[in-house]
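Everything below belongs to target_19.cif, which stores mmCIF, C-alpha atoms.
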```cif
data_query
loop_
_atom_site.label_atom_id
_atom_site.label_comp_id
_atom_site.auth_asym_id
_atom_site.auth_seq_id
_atom_site.Cartn_x
_atom_site.Cartn_y
_atom_site.Cartn_z
CA MET E 1 0.00 0.00 0.00
CA PRO E 2 1.56 3.34 -1.01
CA ASP E 3 2.21 5.71 1.85
CA PHE E 4 0.10 8.52 0.41
CA GLU E 5 -0.26 11.82 2.23
CA PRO E 6 -3.90 12.68 3.03
CA ILE E 7 -3.92 15.61 0.57
CA LEU E 8 -6.29 15.33 -2.40
CA GLY E 9 -5.81 17.66 -5.38
CA ARG E 10 -8.32 18.39 -8.16
CA TYR E 11 -8.93 20.91 -10.91
CA LEU E 12 -11.93 23.20 -10.98
CA THR E 13 -13.05 25.73 -13.60
CA VAL E 14 -14.58 28.87 -12.12
CA ASP E 15 -15.84 32.11 -13.58
CA ILE E 16 -13.85 35.12 -12.42
CA GLY E 17 -15.02 38.44 -13.79
CA GLY E 18 -16.70 36.77 -16.76
CA THR E 19 -13.64 34.70 -17.71
CA ALA E 20 -13.22 30.97 -17.16
CA HIS E 21 -10.22 30.02 -15.05
CA ARG E 22 -8.93 26.49 -14.47
CA ILE E 23 -7.91 26.39 -10.81
CA TYR E 24 -5.99 23.77 -8.88
CA VAL E 25 -7.47 23.02 -5.45
CA GLU E 26 -6.13 20.64 -2.83
CA GLU E 27 -7.59 19.76 0.51
CA ALA E 28 -7.43 17.53 3.55
CA GLY E 29 -9.59 17.01 6.61
CA GLN E 30 -13.16 17.51 7.67
CA GLY E 31 -14.98 20.13 9.68
CA ILE E 32 -14.92 23.90 9.62
CA PRO E 33 -13.75 25.10 6.18
CA LEU E 34 -10.31 26.73 6.38
CA LEU E 35 -9.57 28.40 3.05
CA CYS E 36 -5.84 29.14 2.68
CA LEU E 37 -4.16 31.72 0.45
CA HIS E 38 -0.51 31.44 -0.55
CA THR E 39 2.02 34.26 -0.85
CA ALA E 40 2.89 36.35 -3.90
CA GLY E 41 4.48 34.38 -6.72
CA ALA E 42 4.10 31.06 -4.91
CA ASP E 43 1.44 28.35 -4.71
CA SER E 44 -0.45 26.18 -2.27
CA ARG E 45 2.50 23.85 -1.70
CA GLN E 46 3.46 26.33 1.01
CA TYR E 47 0.66 24.78 3.08
CA ARG E 48 1.90 21.18 2.73
CA HIS E 49 2.65 20.84 6.45
CA LEU E 50 -0.70 22.30 7.51
CA LEU E 51 -2.49 19.92 5.16
CA ASN E 52 -0.64 17.03 6.81
CA ASP E 53 -1.27 18.17 10.39
CA ARG E 54 -3.89 15.78 11.79
CA GLU E 55 -4.45 17.98 14.82
CA VAL E 56 -5.77 20.58 12.37
CA THR E 57 -7.42 18.34 9.78
CA SER E 58 -9.36 16.45 12.47
CA ARG E 59 -11.35 19.65 13.04
CA PHE E 60 -10.95 21.68 9.85
CA ARG E 61 -11.49 21.01 6.17
CA VAL E 62 -8.29 22.66 4.98
CA VAL E 63 -8.67 23.90 1.41
CA CYS E 64 -5.82 25.50 -0.50
CA PHE E 65 -5.78 26.68 -4.09
CA ASP E 66 -3.28 28.11 -6.51
CA MET E 67 -4.19 31.58 -7.72
CA PRO E 68 -4.63 31.91 -11.51
CA TRP E 69 -1.19 32.09 -13.20
CA HIS E 70 0.37 30.39 -10.16
CA GLY E 71 1.50 26.84 -9.45
CA ARG E 72 -0.76 24.34 -11.17
CA SER E 73 -3.55 26.83 -12.01
CA ASP E 74 -3.50 27.99 -15.60
CA PRO E 75 -3.61 31.59 -16.73
CA PRO E 76 -6.85 32.38 -18.60
CA ASP E 77 -7.15 31.90 -22.34
CA GLY E 78 -5.29 34.59 -24.27
CA TRP E 79 -2.78 35.03 -21.47
CA TRP E 80 0.01 35.64 -23.94
CA LEU E 81 -1.64 38.96 -24.86
CA THR E 82 -1.90 40.04 -21.23
CA ARG E 83 0.61 41.45 -18.78
CA TYR E 84 -0.18 39.85 -15.44
CA GLU E 85 -0.90 42.48 -12.79
CA LEU E 86 -3.04 41.51 -9.84
CA THR E 87 -5.51 44.02 -8.43
CA THR E 88 -7.42 44.11 -5.18
CA ALA E 89 -10.71 43.66 -7.07
CA GLN E 90 -9.42 40.63 -9.03
CA TYR E 91 -8.04 39.06 -5.90
CA LEU E 92 -11.32 39.41 -4.02
CA ALA E 93 -13.28 38.09 -7.01
CA THR E 94 -11.00 35.05 -7.24
CA ILE E 95 -11.40 34.19 -3.56
CA GLU E 96 -15.16 34.61 -3.75
CA ALA E 97 -15.39 32.47 -6.90
CA VAL E 98 -13.48 29.56 -5.34
CA TRP E 99 -15.26 29.89 -2.01
CA HIS E 100 -18.69 29.76 -3.65
CA ALA E 101 -17.81 27.06 -6.18
CA LEU E 102 -16.73 24.81 -3.32
CA GLU E 103 -19.84 25.76 -1.33
CA LEU E 104 -17.79 26.51 1.78
CA ASP E 105 -20.16 27.46 4.59
CA ARG E 106 -18.88 30.33 6.78
CA PRO E 107 -15.22 29.52 6.21
CA VAL E 108 -12.24 30.75 8.11
CA VAL E 109 -10.00 32.45 5.54
CA MET E 110 -6.28 32.37 6.22
CA GLY E 111 -3.67 34.02 4.04
CA CYS E 112 -0.02 34.95 4.17
CA SER E 113 1.74 38.07 2.86
CA THR E 114 -0.36 39.26 -0.08
CA GLY E 115 -2.82 36.62 1.13
CA GLY E 116 -2.49 37.99 4.64
CA ALA E 117 -3.23 41.42 3.26
CA ILE E 118 -6.30 40.49 1.24
CA VAL E 119 -7.92 38.66 4.17
CA LEU E 120 -8.29 42.09 5.73
CA ARG E 121 -10.57 43.07 2.84
CA VAL E 122 -12.26 39.66 3.00
CA ALA E 123 -13.02 40.48 6.64
CA SER E 124 -14.28 43.97 5.90
CA ASP E 125 -16.28 43.10 2.78
CA TYR E 126 -17.73 39.69 3.76
CA GLN E 127 -18.09 39.96 7.54
CA GLY E 128 -21.14 38.03 8.65
CA ARG E 129 -20.64 35.51 5.84
CA ILE E 130 -17.38 34.11 7.16
CA ARG E 131 -16.39 32.83 10.56
CA GLY E 132 -13.17 34.81 10.68
CA VAL E 133 -9.78 35.48 9.20
CA VAL E 134 -6.29 34.47 10.22
CA GLY E 135 -3.85 36.99 8.79
CA LEU E 136 -0.25 35.87 8.53
CA GLU E 137 2.13 38.75 7.92
CA SER E 138 -0.81 41.10 7.37
CA GLY E 139 -0.34 44.72 6.46
CA ALA E 140 -3.01 47.22 5.45
CA TYR E 141 -0.55 49.25 3.40
CA ALA E 142 2.80 47.91 2.25
CA PRO E 143 4.67 49.86 -0.42
CA GLY E 144 8.29 49.23 -1.34
CA ARG E 145 8.71 45.67 -2.61
CA TYR E 146 8.49 46.33 -6.34
CA ASN E 147 11.52 46.79 -8.57
CA ASP E 148 11.97 46.47 -12.32
CA PHE E 149 14.55 43.69 -12.03
CA LEU E 150 11.85 41.24 -10.89
CA HIS E 151 10.88 40.76 -14.55
CA HIS E 152 13.77 41.71 -16.77
CA PRO E 153 15.07 40.14 -19.99
CA ALA E 154 18.66 40.11 -18.77
CA ILE E 155 17.92 38.39 -15.46
CA HIS E 156 16.78 34.86 -14.60
CA GLY E 157 13.52 35.82 -12.93
CA GLY E 158 13.05 32.56 -11.08
CA GLU E 159 16.45 32.71 -9.43
CA LEU E 160 16.11 36.39 -8.60
CA VAL E 161 12.65 36.28 -7.03
CA ALA E 162 13.55 33.16 -5.06
CA THR E 163 16.70 34.83 -3.77
CA TYR E 164 14.95 38.16 -3.23
CA THR E 165 12.41 36.43 -0.99
CA TRP E 166 14.93 34.16 0.78
CA GLY E 167 15.88 36.92 3.18
CA LEU E 168 12.25 37.19 4.28
CA ASN E 169 12.81 33.96 6.20
CA ALA E 170 14.20 34.12 9.72
CA PRO E 171 17.88 33.09 9.74
CA GLN E 172 17.09 30.55 12.48
CA SER E 173 14.47 28.70 10.41
CA PRO E 174 15.38 25.19 9.30
CA GLU E 175 17.30 24.91 6.06
CA ALA E 176 14.76 22.49 4.54
CA GLY E 177 11.84 24.88 4.95
CA LYS E 178 13.69 27.84 3.51
CA ARG E 179 14.98 25.78 0.58
CA ALA E 180 11.50 24.41 -0.19
CA ASN E 181 10.11 27.92 -0.41
CA TRP E 182 13.06 29.00 -2.58
CA TRP E 183 12.23 26.21 -5.01
CA TYR E 184 8.53 27.13 -5.18
CA TYR E 185 9.44 30.72 -5.92
CA ALA E 186 11.96 29.73 -8.57
CA GLN E 187 9.17 27.87 -10.39
CA SER E 188 6.89 30.87 -10.76
CA GLY E 189 5.99 32.01 -14.27
CA PRO E 190 7.78 34.98 -15.84
CA GLY E 191 6.55 38.21 -14.31
CA VAL E 192 4.05 36.55 -11.97
CA TYR E 193 5.77 37.56 -8.74
CA ALA E 194 6.27 41.04 -10.18
CA GLY E 195 2.57 41.20 -11.04
CA ASP E 196 1.63 40.24 -7.49
CA VAL E 197 4.03 42.77 -6.04
CA MET E 198 2.51 45.44 -8.29
CA PHE E 199 -0.72 44.78 -6.39
CA TYR E 200 1.00 44.78 -3.01
CA SER E 201 3.13 47.85 -3.60
CA PHE E 202 0.81 50.12 -5.56
CA ASP E 203 -2.84 49.01 -5.51
CA TRP E 204 -3.15 47.73 -1.97
CA ASP E 205 -4.42 50.10 0.69
CA ALA E 206 -6.95 48.81 3.20
CA ARG E 207 -6.27 51.33 5.96
CA ALA E 208 -9.81 52.71 5.74
CA HIS E 209 -11.55 49.36 5.19
CA ILE E 210 -10.18 47.66 8.27
CA ARG E 211 -11.86 50.23 10.49
CA SER E 212 -15.22 48.79 9.43
CA ILE E 213 -14.45 45.26 10.66
CA ASP E 214 -16.78 44.18 13.45
CA THR E 215 -15.06 41.34 15.27
CA SER E 216 -18.36 40.21 16.76
CA ARG E 217 -19.33 39.28 13.18
CA CYS E 218 -15.93 38.22 11.91
CA LYS E 219 -13.09 37.12 14.18
CA VAL E 220 -9.64 38.45 13.38
CA SER E 221 -6.37 36.79 14.39
CA LEU E 222 -3.06 38.27 13.25
CA LEU E 223 0.32 36.52 13.44
CA THR E 224 3.55 38.10 12.20
CA GLY E 225 7.12 36.85 12.37
CA SER E 226 9.74 39.04 14.03
CA TYR E 227 12.08 38.71 11.04
CA ASP E 228 9.53 39.81 8.45
CA TYR E 229 10.98 42.96 6.92
CA SER E 230 8.33 43.23 4.18
CA CYS E 231 5.38 43.32 6.56
CA THR E 232 7.07 44.18 9.81
CA PRO E 233 5.55 43.43 13.22
CA ALA E 234 4.94 47.15 13.58
CA MET E 235 2.85 47.15 10.38
CA THR E 236 0.66 44.32 11.67
CA LYS E 237 0.42 45.97 15.07
CA ALA E 238 -0.98 49.03 13.32
CA VAL E 239 -3.65 46.80 11.75
CA ALA E 240 -4.50 45.26 15.11
CA ASP E 241 -4.77 48.67 16.72
CA ALA E 242 -7.32 49.68 14.08
CA ILE E 243 -9.53 46.63 14.66
CA PRO E 244 -11.02 46.52 18.18
CA GLY E 245 -11.35 42.94 19.36
CA SER E 246 -8.68 41.56 17.06
CA ARG E 247 -5.91 39.31 18.38
CA TYR E 248 -2.28 39.96 17.46
CA THR E 249 0.81 37.94 18.28
CA GLU E 250 4.37 38.56 17.14
CA MET E 251 6.18 35.28 16.50
CA PRO E 252 9.84 35.45 17.56
CA GLY E 253 12.32 33.66 15.36
CA ILE E 254 10.00 33.42 12.37
CA GLY E 255 10.00 35.35 9.12
CA HIS E 256 7.52 36.06 6.35
CA PHE E 257 6.67 32.43 5.46
CA PRO E 258 5.74 30.75 8.76
CA MET E 259 3.78 27.83 7.30
CA ILE E 260 6.63 26.62 5.14
CA GLU E 261 9.83 28.01 6.65
CA HIS E 262 9.29 26.60 10.16
CA TYR E 263 5.92 24.89 10.54
CA GLU E 264 6.62 23.16 13.86
CA HIS E 265 7.42 26.50 15.48
CA PHE E 266 4.57 28.27 13.69
CA ARG E 267 1.88 25.78 14.73
CA SER E 268 2.45 26.63 18.38
CA TYR E 269 1.10 30.07 17.51
CA LEU E 270 -1.48 28.91 14.97
CA LEU E 271 -3.29 26.26 17.00
CA PRO E 272 -4.57 28.67 19.68
CA GLU E 273 -5.91 30.93 16.91
CA LEU E 274 -7.66 28.00 15.25
CA ASP E 275 -9.19 27.14 18.66
CA PHE E 276 -10.37 30.73 18.84
CA MET E 277 -11.87 30.48 15.35
CA ALA E 278 -13.61 27.19 16.14
CA ALA E 279 -15.20 28.43 19.36
CA GLU E 280 -18.85 29.45 19.01
CA MET A 1 38.95 39.02 4.21
CA ALA A 2 41.34 36.13 3.66
CA ALA A 3 39.05 33.98 5.79
CA PHE A 4 36.09 35.14 3.72
CA ARG A 5 37.85 34.13 0.53
CA GLU A 6 38.77 30.77 1.99
CA ARG A 7 35.23 30.10 3.18
CA VAL A 8 33.68 31.09 -0.15
CA ASN A 9 36.12 29.02 -2.16
CA ALA A 10 35.44 25.96 -0.02
CA ASP A 11 31.67 26.25 -0.37
CA PRO A 12 30.14 23.25 -2.17
CA GLU A 13 26.98 25.19 -3.04
CA LEU A 14 28.84 27.96 -4.86
CA ARG A 15 30.67 25.30 -6.84
CA VAL A 16 27.22 24.38 -8.22
CA THR A 17 25.48 27.74 -8.49
CA GLY A 18 28.36 30.16 -9.08
CA THR A 19 29.93 28.80 -12.24
CA LYS A 20 28.71 31.76 -14.32
CA PHE A 21 29.53 34.38 -11.70
CA ASP A 22 32.36 36.43 -13.20
CA ALA A 23 32.56 39.94 -11.77
CA SER A 24 34.52 42.29 -9.56
CA PHE A 25 32.68 44.10 -6.82
CA GLY A 26 33.53 46.44 -4.00
CA ILE A 27 32.85 46.15 -0.28
CA ALA A 28 33.34 49.17 1.95
CA PHE A 29 33.29 48.99 5.76
CA ASP A 30 33.20 52.65 6.73
CA GLU A 31 36.21 54.01 4.82
CA THR A 32 37.93 50.66 4.53
CA ARG A 33 37.50 49.40 1.01
CA TYR A 34 38.11 46.10 -0.75
CA VAL A 35 37.65 44.82 -4.26
CA VAL A 36 36.56 41.20 -4.58
CA GLN A 37 37.45 39.63 -7.90
CA VAL A 38 35.26 36.61 -8.70
CA ARG A 39 35.63 34.11 -11.52
CA GLY A 40 33.36 31.09 -11.84
CA GLY A 41 32.04 31.67 -8.34
CA THR A 42 35.53 31.52 -6.86
CA ILE A 43 37.19 34.55 -5.29
CA GLU A 44 40.46 34.90 -7.13
CA ARG A 45 41.70 37.95 -5.25
CA VAL A 46 40.64 40.37 -2.54
CA LEU A 47 42.42 43.70 -2.93
CA ALA A 48 42.53 46.15 -0.03
CA SER A 49 42.47 49.92 -0.47
CA PRO A 50 42.02 49.72 -4.24
CA ARG A 51 43.11 52.59 -6.47
CA PHE A 52 40.57 54.24 -8.72
CA ASP A 53 41.86 52.36 -11.76
CA LEU A 54 40.76 49.01 -10.29
CA ARG A 55 37.40 48.62 -11.96
CA THR A 56 34.31 47.10 -10.33
CA SER A 57 30.82 46.34 -11.61
CA PHE A 58 29.03 47.15 -8.39
CA GLY A 59 29.66 47.56 -4.70
CA PHE A 60 28.20 47.33 -1.22
CA ARG A 61 28.99 50.04 1.31
CA ALA A 62 27.80 50.69 4.83
CA PRO A 63 29.01 51.98 8.18
CA MET A 64 30.72 49.43 10.38
CA ARG A 65 27.86 49.60 12.87
CA VAL A 66 25.56 48.28 10.12
CA TRP A 67 27.98 45.55 8.99
CA SER A 68 28.48 44.48 12.60
CA ARG A 69 24.78 43.77 12.93
CA PHE A 70 24.64 41.95 9.62
CA LEU A 71 27.66 39.83 10.53
CA ASP A 72 26.43 38.98 14.02
CA PRO A 73 25.90 35.19 14.29
CA ASP A 74 22.44 36.02 15.62
CA PRO A 75 21.61 39.05 13.46
CA PRO A 76 18.73 41.31 14.50
CA PRO A 77 15.67 41.68 12.25
CA LEU A 78 16.11 44.06 9.30
CA PHE A 79 19.91 43.50 9.43
CA HIS A 80 19.79 39.76 8.77
CA ASP A 81 19.93 39.82 4.98
CA VAL A 82 21.33 41.95 2.17
CA PHE A 83 17.90 42.48 0.61
CA ALA A 84 16.40 43.29 4.01
CA MET A 85 18.99 45.99 4.51
CA LEU A 86 18.51 47.35 0.99
CA MET A 87 14.82 47.83 1.81
CA ARG A 88 14.98 48.93 5.43
CA VAL A 89 18.47 50.20 6.30
CA PRO A 90 19.19 53.45 4.41
CA ASP A 91 22.91 53.39 5.29
CA PHE A 92 23.38 50.09 3.47
CA VAL A 93 23.93 50.88 -0.20
CA LEU A 94 24.31 48.83 -3.37
CA ASP A 95 25.64 51.01 -6.15
CA GLY A 96 27.28 50.73 -9.57
CA ASP A 97 25.81 48.46 -12.24
CA THR A 98 23.13 46.87 -10.10
CA LEU A 99 21.94 44.83 -13.09
CA VAL A 100 25.14 42.77 -12.88
CA ALA A 101 24.55 42.26 -9.17
CA MET A 102 21.02 41.00 -9.77
CA GLN A 103 22.09 38.77 -12.66
CA ASN A 104 24.33 37.01 -10.15
CA ALA A 105 21.93 37.39 -7.22
CA ARG A 106 21.79 33.73 -6.27
CA ALA A 107 25.53 33.22 -5.93
CA LEU A 108 26.21 36.75 -4.69
CA HIS A 109 23.61 36.40 -1.97
CA ARG A 110 25.10 33.09 -0.89
CA MET A 111 28.53 34.64 -0.83
CA MET A 112 27.41 37.53 1.35
CA ASN A 113 25.68 35.19 3.80
CA LEU A 114 28.90 33.17 4.10
CA MET A 115 30.60 36.32 5.34
CA ARG A 116 28.54 35.93 8.52
CA GLU A 117 30.31 32.66 9.26
CA ILE A 118 33.66 34.38 9.67
CA GLY A 119 33.29 36.72 12.61
CA PRO A 120 36.75 38.34 12.44
CA VAL A 121 35.85 40.45 9.38
CA PRO A 122 34.61 43.52 11.25
CA ALA A 123 37.66 43.58 13.55
CA GLU A 124 40.01 43.07 10.63
CA ALA A 125 38.32 45.78 8.62
CA ALA A 126 38.35 48.11 11.60
CA ALA A 127 42.08 47.58 11.98
CA HIS A 128 42.58 48.80 8.41
CA ALA A 129 40.54 51.95 8.98
#
```

Let me see the file written as structure tokens.
Amino acid sequence: MPDFEPILGRYLTVDIGGTAHRIYVEEAGQGIPLLCLHTAGADSRQYRHLLNDREVTSRFRVVCFDMPWHGRSDPPDGWWLTRYELTTAQYLATIEAVWHALELDRPVVMGCSTGGAIVLRVASDYQGRIRGVVGLESGAYAPGRYNDFLHHPAIHGGELVATYTWGLNAPQSPEAGKRANWWYYAQSGPGVYAGDVMFYSFDWDARAHIRSIDTSRCKVSLLTGSYDYSCTPAMTKAVADAIPGSRYTEMPGIGHFPMIEHYEHFRSYLLPELDFMAAE
Amino acid sequence: MAAFRERVNADPELRVTGTKFDASFGIAFDETRYVVQVRGGTIERVLASPRFDLRTSFGFRAPMRVWSRFLDPDPPPLFHDVFAMLMRVPDFVLDGDTLVAMQNARALHRMMNLMREIGPVPAEAAAHA
């Protein structure tokens, strides 16, 4: 008998803004839906340890998907005539399309980095329809990551973006976790990380929206690693201060990619927040 | 810097990833300057106090107080990585032909992180100041 992991992956075509998108979705577990969003330029493999954590999957149906253009999800038809640039509106529409297609009832939405950012808008825009959000490395406003070298004809984009993001890990994190994330980044399509960072650096500003979040209708947990220099602990603290009733914890010795760079350390911070989300 | 050269040239990873890394770059600790000449990911020479006719493609420069944090075996956040410092530490500067630096980012980044493994660099550089 093969020693399969409990993760099951499938493809799903959803309508996003009037265009069909073939999306890769993988999941494990049963219970409260936990919809997970990967970081810029990466894919749902970043959640491989969460998907294999029976303490989580015994209570949560963990669902992860690759954003269009990322990982095993295709870009839409005609992609070769399009420059990929994510926007806040497209990101929200994508999350809503997958959430509804999978008929997830009052999910918890968890995201990291750009995913950790957009869950703040998910919380503000869909409060009352979701159980809560877990924001990993969440900032409401985060300029400064974009540069033109991220997609440049004279530079190997995969190697650059993987190296550019390597330093977002904590130095203390295990080599295997950091290397796995490097590899995922190196496999991103040309210009995809740059297109995500365009969103993060220029389009993203949720400083006004987060003030509308009512944590009695949508729980908010925020976890940020002390070594995250893209979304610093101070940036997440500013988010927490703007949302009465939110929970914020800084994670010492962790960087920007907690779920892949050092899962064993990260889960000690995550599990109490999942308990909080599960409580009625 | 001799220890840095020795550590880099003994690195099995750079033997794999650095084979196309051919460039000379500068490193300045306060006013103490070096030129690092790299061929195939190996440091051929480190030249102290270079004259202006020793050409480089790009260079890193920062005050010693910044380098000391970067080179600490347990570096503090924001000082723990070259790209972190380029974003968050204004005194840490990459100048020159930055395209060449980014073309070699993988090996260059590895090389700079190896500098952390040889603690004497700040003291040695300070002695030259």

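Of the listed residues (A:Gly41, A:Pro75, A:Gly59, A:Gly18), A:Pro75 comes nearest to chain E; the distances count all atoms listed in the file.
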
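The closest residue to chain E, picked from A:Val89, A:Met115, A:Val36, A:Ala84 and counting only C-alpha atoms, is A:Ala84.
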
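The spacing separating atom CA of Phe70 of chain A from atom CA of Arg39 of chain A amounts to 25.1 Å.
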
Using all atoms listed in the file, find each residue in chain E having at least one atom no more than 9 Å away from chain A; report its shortest atom-to-atom pair and that distance in Å (one decimal), rows by chain then rising number, as a Markdown table.
```
| residue | atom | partner | partner_atom | distance |
| --- | --- | --- | --- | --- |
| E:Gly144 | CA | A:Met87 | CA | 7.4 |
| E:Arg145 | CA | A:Met87 | CA | 7.8 |
| E:Phe149 | CA | A:Met102 | CA | 7.4 |
| E:Ala154 | CA | A:Gln103 | CA | 7.1 |
| E:Ile155 | CA | A:Gln103 | CA | 5.0 |
| E:His156 | CA | A:Gln103 | CA | 6.9 |
| E:Glu159 | CA | A:Arg106 | CA | 6.3 |
| E:Leu160 | CA | A:Ala105 | CA | 6.1 |
| E:Ala162 | CA | A:Arg106 | CA | 8.3 |
| E:Thr163 | CA | A:Arg106 | CA | 5.8 |
| E:Tyr164 | CA | A:Phe83 | CA | 6.5 |
| E:Thr165 | CA | A:Phe83 | CA | 8.3 |
| E:Trp166 | CA | A:Asp81 | CA | 8.6 |
| E:Gly167 | CA | A:Asp81 | CA | 5.3 |
| E:Leu168 | CA | A:Ala84 | CA | 7.4 |
| E:Ala170 | CA | A:His80 | CA | 8.0 |
| E:Pro171 | CA | A:His80 | CA | 7.0 |
| E:Gln172 | CA | A:Asp74 | CA | 8.3 |
| E:Ser226 | CA | A:Pro77 | CA | 6.7 |
| E:Tyr227 | CA | A:Pro77 | CA | 4.8 |
| E:Asp228 | CA | A:Pro77 | CA | 7.5 |
| E:Tyr229 | CA | A:Leu78 | CA | 5.8 |
| E:Ser230 | CA | A:Ala84 | CA | 8.1 |
```

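Each of A:Leu71, A:Met111, A:Ile118, A:Leu47 was compared to Thr17 of chain A using all atoms listed in the file, and A:Met111 turns out to be the nearest.
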
**Q.** Selection: 6 Å around segment 29-46 of chain E, only C-alpha atoms, excl. self and same-chain fewer than 4 positions, as number ranges by chain
**A.** E: 57-66, 70-71, 107-115, 184-185, 188, 192-193, 196, 260

Show me a table, sorted first by chain and then by increasing residue number, of the residues of segment 41-62 of chain E having an atom at most 10 Å from segment 1-21 of chain E, each with its shortest atom pair and the distance in Å to one decimal, counting only C-alpha atoms and written as JSON lines.
```
{"residue": "E:Arg48", "atom": "CA", "partner": "E:Ile7", "partner_atom": "CA", "distance": 8.3}
{"residue": "E:Leu51", "atom": "CA", "partner": "E:Ile7", "partner_atom": "CA", "distance": 6.5}
{"residue": "E:Asn52", "atom": "CA", "partner": "E:Pro6", "partner_atom": "CA", "distance": 6.6}
{"residue": "E:Asp53", "atom": "CA", "partner": "E:Pro6", "partner_atom": "CA", "distance": 9.6}
{"residue": "E:Arg54", "atom": "CA", "partner": "E:Pro6", "partner_atom": "CA", "distance": 9.3}
{"residue": "E:Thr57", "atom": "CA", "partner": "E:Pro6", "partner_atom": "CA", "distance": 9.5}
{"residue": "E:Val62", "atom": "CA", "partner": "E:Ile7", "partner_atom": "CA", "distance": 9.4}
```

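Here atom CA of Pro75 of chain E and atom CA of Ile23 of chain E stand 9.0 Å from one another.
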
Q.
I'd like the neighbourhood of Phe199 of chain E as a PyMOL selection string, where a residue qualifies if any of its atoms comes within 8 Å (using all atoms listed in the file), though same-chain residues fewer than 3 positions away should be ignored.
A. chain E and resi 85-88+195-196+202-204

Q: For the structure provided, state which residues fall under the PyMOL selection byres ((chain A and resi 33) around 10), and present them as a VMD selection string.
A: chain A and resid 26 to 32 34 to 36 47 to 51 59 to 61 125 128 to 129

With C-alpha atoms kept, could you save the residues just selected as a PDB file, keeping the file's coordinate frame?
```pdb
ATOM      1  CA  GLY A  26      33.530  46.440  -4.000  1.00  0.00           C
ATOM      2  CA  ILE A  27      32.850  46.150  -0.280  1.00  0.00           C
ATOM      3  CA  ALA A  28      33.340  49.170   1.950  1.00  0.00           C
ATOM      4  CA  PHE A  29      33.290  48.990   5.760  1.00  0.00           C
ATOM      5  CA  ASP A  30      33.200  52.650   6.730  1.00  0.00           C
ATOM      6  CA  GLU A  31      36.210  54.010   4.820  1.00  0.00           C
ATOM      7  CA  THR A  32      37.930  50.660   4.530  1.00  0.00           C
ATOM      8  CA  TYR A  34      38.110  46.100  -0.750  1.00  0.00           C
ATOM      9  CA  VAL A  35      37.650  44.820  -4.260  1.00  0.00           C
ATOM     10  CA  VAL A  36      36.560  41.200  -4.580  1.00  0.00           C
ATOM     11  CA  LEU A  47      42.420  43.700  -2.930  1.00  0.00           C
ATOM     12  CA  ALA A  48      42.530  46.150  -0.030  1.00  0.00           C
ATOM     13  CA  SER A  49      42.470  49.920  -0.470  1.00  0.00           C
ATOM     14  CA  PRO A  50      42.020  49.720  -4.240  1.00  0.00           C
ATOM     15  CA  ARG A  51      43.110  52.590  -6.470  1.00  0.00           C
ATOM     16  CA  GLY A  59      29.660  47.560  -4.700  1.00  0.00           C
ATOM     17  CA  PHE A  60      28.200  47.330  -1.220  1.00  0.00           C
ATOM     18  CA  ARG A  61      28.990  50.040   1.310  1.00  0.00           C
ATOM     19  CA  ALA A 125      38.320  45.780   8.620  1.00  0.00           C
ATOM     20  CA  HIS A 128      42.580  48.800   8.410  1.00  0.00           C
ATOM     21  CA  ALA A 129      40.540  51.950   8.980  1.00  0.00           C
TER      22      ALA A 129
END
```

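Across the structure, atom CA of Ser246 of chain E and atom CA of Ser268 of chain E are spaced 18.7 Å apart.
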
Q: For Asp74 of chain E, please output as a ChimeraX atom specification all residues within 7 Å (counting all atoms listed in the file; exclusion window: fewer than 2 positions along the same chain).
A: /E:22-23,68-69,72,76

Residue selection dump (C-alpha atoms) as a tab-separated table (two decimals), in the frame of the given file:
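Just written: again23.tsv:
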```
chain	number	residue	atom	x	y	z
E	22	ARG	CA	-8.93	26.49	-14.47
E	23	ILE	CA	-7.91	26.39	-10.81
E	68	PRO	CA	-4.63	31.91	-11.51
E	69	TRP	CA	-1.19	32.09	-13.20
E	72	ARG	CA	-0.76	24.34	-11.17
E	76	PRO	CA	-6.85	32.38	-18.60
```

(Q) Under the rule that only C-alpha atoms are counted, which of A:Lys20, A:Thr56, A:Arg45, A:Val66 is the nearest residue to Leu86 of chain A? (A) A:Val66

Q: Check the smallest atom-to-atom distance from each of A:Asp11, A:Asp97, A:Asp91, A:Asp72 to Ser24 of chain A using all atoms listed in the file, then report the winner.
A: A:Asp97
